[in-house]
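Scroll down for the structure; my scribbles are underneath it.
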Amino acid sequence: MAMAFTDLLDTLGGVGRFQLIYTALLLLPCSLLACHNFLQNFTAAMPPHHCRGPANHTNATTNDSGAWLRAIVPLDQLGAPKPCRRFTEPQWALLNLNTSVHGAATESCKDGWVYDRSIFLSTIVMEWDLVCEARTLRDLAQSLYMAGVLAGAAVFGSLADRLGRKAPLVWSYLQLAVSGAATAYFGSFTAYCAFRFLMGMTFSGIILNSLSLVVEWMPTRGRTVAGVLLGYSFTVGQLILAGVAYLIRPWRWLQFAVSAPFLIFFLYSWWLPESSRWLLLHGKSQLAMRNLQKVAAVNGRKEEGERLTKEVVSSYIQSEFASVRTSNSILDLFRTPAIRRVTCCLMVVWFSNSLAYYGLAMDLQKFGLSIYVVQALFGIIDIPAMLVATATMIYVGRRATVASFLILAGLMVIANMFVPEDMQTLRTAQAALGKGCLASSFICVYLFTGELYPTEIRQMGMGFASVNARLGGLAAPLVTTLGEFSTVLPPVSFGATSILAGLAVCFLTETCNVPLVDTIAAMERRVKEGRSKKDAEEKSEEISLQQLGASPLKETI
């Protein structure tokens, strides 16, 4: 049974040297994966820009700044050049600072734009002029990346339950290395979007399989820390991105710098053993035994490993084999009552968490501070938030931790509406705190989801949950555009959905210090036994109350 397999891992060293090395090798790629998730904050940054002067006015085109700029481009209410309009004919009278012109004809930027390169040497916005009428293409590129993440969640989640965790993970490393380098090499926007889509697919393949491998090779007492370490790897990745983006300003070299290391991850991933839980549930006990013997040797328990036989290893979950389905479909996530409740609640939680998270984290320029500082701040805030999350998950439980962080994040986002626009530092700090809560809840719910689903459909369940998260990520830019109609709509939407997700978590079962379940049937039995035990306790309590109520009456008689 599940407890017996956990005991087997404890016999072979528990949280030993193998688990530590294995977890580190899986979490290192996850840290750089975070770089790709937020990469367009830098590669698609939109610097200040204005129309280029007419080609037939030599002085204007060679001096698109200072006094000459006043004659070429109209100014806005703040005195800055308008980004998308220029005068049809240069207004030379405006070279005199005391002169103003009213009603002068303007036109679109027919000769291109001039970009401020003081912060960003190059971005996709500068290279392909994704401004003014074409500014929506910038958001399209990010939406296509998130669509790739969505497709990857559906594809890799299903493949991992059929082919194992390792094969899709190894392929994802290679696909990310190749598509990332291709994104930096090819010179068309269409190719950029296509390869970004392929990169997005690998996000799901890497994160879902890495978490499953870590959880399934980790004894019960080490699962919480391992899951939180995944969160810290994302935090480290955000800090790495801030530093690398600050040092490497051209977007192509930045894209290549965060993609090339995945070739190294691809090479060493061949050493990583497949999940023995998955192997045993699919009748591959011989390979599972060899993997367990390797684990025992690395953990310094070689003698215990040598005593293992195929029959002994199979016996640990032999009682579950009769209940294992030879194939699984998405309908298994809704077929039985216990699994159905888990799936429906997690759909709400993952969608809402992702919607609020990406709504805050993917538009750093709106805060008015240095984008590198904001990126670093958004990463640093995760450290104390996850320390609290680690403690509460261990001592309080998963359910209370996730619900509390989601509700607190929603309240922080809504409260930010009431901070004046000119208090940018306070607004940024408050948004960072909300983002830290959302990041912590995201990592907690990854671990929580892995523990809620049985091994038989764990990867499919996590893949389906991740699909809902990607739908939230796709919806986030759309919700942000609602700000053009009313500035209160985006924060209210992000905050309300986060609070709703926190309430949905309350309907899930606590999994803290509970062994993993291997099959759907075993999970249904556990739920029924828990319900029967609860009913018996309630009945016993009711009888006790009745007896207490009858005692005074007897004494009176």
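Residue numbering restarts at 1 in every chain; chains get A, B, ... in the order shown in the structure tokens, and ligands count up from 1 in that same order.
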
Got a sec: who's within 12 Å of A:Val349, counting only C-alpha atoms, leaving out chain neighbours fewer than 3 positions off, as a PyMOL selection string? chain A and resi 342-346+352-357+399+402-403+405-407+438+441-442+444-446+448-449+465-469+471-472+497-508

Quick one: everything within 12 Å of A:Pro384, counting only C-alpha atoms, minus sequence neighbours fewer than 4 positions away in the same chain. Send it as a ChimeraX atom specification. /A:231-232,235,377-380,388-391,432-433,436-437,439-440

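The residue that comes closest to A:Tyr395, out of A:Val527, A:Tyr453, A:Thr224, A:Leu360 and on the basis of only C-alpha atoms, is A:Thr224.
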
Using only C-alpha atoms: which of A:Ser329, A:Asn37, A:Gly164, A:Ala297 has the shortest distance to A:Lys284: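 Among A:Ser329, A:Asn37, A:Gly164, A:Ala297, it is A:Gly164 that comes nearest to A:Lys284.
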
Please run DSSP on the backbone and report, as a ChimeraX atom specification, all residues within stretch 120-333 of chain A that come out as alpha helix (DSSP H). /A:124-128,136-163,166-185,189-217,223-247,251-257,261-268,276-281,285-298,302-306,310-315,318-321

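The residue set within 7 Å of stretch 39-55 of chain A, counting only C-alpha atoms and dropping same-chain residues fewer than 4 places from it, reads Cys35, Ala60, Thr61, Asp64, Ile72, Val73, Pro81, Lys82, Pro83, Cys84, Arg85, Arg86, Cys109, Asp111, Gly112, Trp113, Val114, Tyr115, Asp116, Thr123, Ile124, Val125, Arg138, Ala245, Trp251, Met362, Asp363 and Leu364 of chain A.
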
Do you have the atom CA of A:Gln238-atom CA of A:Trp171 distance handy?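 Distance reported for this atom pair: 24.0 Å.
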
From the list A:Met523, A:Ala181, A:Ala104, A:Leu26, which residue is nearest A:Ile339 when using only C-alpha atoms? A:Met523

Measure the distance from atom CA of A:Arg340 to atom CA of A:Arg165 in Å and round it to one decimal.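 Computing it gives 23.9 Å between the two atoms.
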
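Note that atom CA of A:Cys30 and atom CA of A:Ile206 are 7.3 Å apart.
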
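The shortest atom-to-atom distance to A:Arg252, with only C-alpha atoms taken into account, belongs to A:Leu121 out of A:Val413, A:Leu32, A:Leu121, A:Ala385.
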
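Remark: for A:Thr425, the closest of the candidate residues A:Leu369, A:Ile394, A:Leu331, A:Leu27 is A:Leu369 (distances computed over only C-alpha atoms).
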
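With only C-alpha atoms as the basis for measurement, A:Pro250 is the residue among A:Met199, A:Phe87, A:Pro250, A:Gln424 that approaches A:Ser122 most closely.
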
Name the residues in contact with A:Lys166 at a cut-off of 9 Å, using only C-alpha atoms, excluding same-chain residues fewer than 5 positions from it; report them as a list in words. Ala160, Trp171, Asn209, Ser210, Leu213, Ser269, Trp270, Leu272, Pro273, Glu274 and Ser275 of chain A

How would the residues just chosen look if you wrote them out with N, CA and C atoms as a PDB file, in the first residue's frame?
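For reference, again28.pdb as written:
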```
ATOM      1  N   ALA A 160       2.755  11.922 -19.613  1.00  0.00           N
ATOM      2  CA  ALA A 160       3.532  11.481 -18.461  1.00  0.00           C
ATOM      3  C   ALA A 160       2.882  10.310 -17.741  1.00  0.00           C
ATOM      4  N   TRP A 171      12.659  15.366 -23.003  1.00  0.00           N
ATOM      5  CA  TRP A 171      12.294  16.008 -24.268  1.00  0.00           C
ATOM      6  C   TRP A 171      12.048  17.499 -24.076  1.00  0.00           C
ATOM      7  N   ASN A 209       6.434  17.523 -14.444  1.00  0.00           N
ATOM      8  CA  ASN A 209       7.181  16.277 -14.271  1.00  0.00           C
ATOM      9  C   ASN A 209       8.247  16.400 -13.195  1.00  0.00           C
ATOM     10  N   SER A 210       8.848  17.572 -13.064  1.00  0.00           N
ATOM     11  CA  SER A 210       9.839  17.767 -11.996  1.00  0.00           C
ATOM     12  C   SER A 210       9.186  17.610 -10.632  1.00  0.00           C
ATOM     13  N   LEU A 213       8.263  13.897  -9.966  1.00  0.00           N
ATOM     14  CA  LEU A 213       9.430  13.075  -9.651  1.00  0.00           C
ATOM     15  C   LEU A 213       9.941  13.364  -8.242  1.00  0.00           C
ATOM     16  N   SER A 269      20.091  14.919 -17.587  1.00  0.00           N
ATOM     17  CA  SER A 269      18.797  14.344 -17.210  1.00  0.00           C
ATOM     18  C   SER A 269      18.693  12.861 -17.544  1.00  0.00           C
ATOM     19  N   TRP A 270      19.575  12.356 -18.433  1.00  0.00           N
ATOM     20  CA  TRP A 270      19.544  10.926 -18.756  1.00  0.00           C
ATOM     21  C   TRP A 270      19.923  10.082 -17.545  1.00  0.00           C
ATOM     22  N   LEU A 272      18.920  10.684 -14.477  1.00  0.00           N
ATOM     23  CA  LEU A 272      17.839  10.687 -13.495  1.00  0.00           C
ATOM     24  C   LEU A 272      16.976   9.434 -13.646  1.00  0.00           C
ATOM     25  N   PRO A 273      16.750   8.669 -12.574  1.00  0.00           N
ATOM     26  CA  PRO A 273      15.910   7.466 -12.667  1.00  0.00           C
ATOM     27  C   PRO A 273      14.426   7.808 -12.728  1.00  0.00           C
ATOM     28  N   GLU A 274      13.682   6.942 -13.391  1.00  0.00           N
ATOM     29  CA  GLU A 274      12.233   7.085 -13.469  1.00  0.00           C
ATOM     30  C   GLU A 274      11.604   6.834 -12.106  1.00  0.00           C
ATOM     31  N   SER A 275      10.408   7.361 -11.914  1.00  0.00           N
ATOM     32  CA  SER A 275       9.681   7.153 -10.658  1.00  0.00           C
ATOM     33  C   SER A 275       9.362   5.671 -10.470  1.00  0.00           C
TER      34      SER A 275
END
```
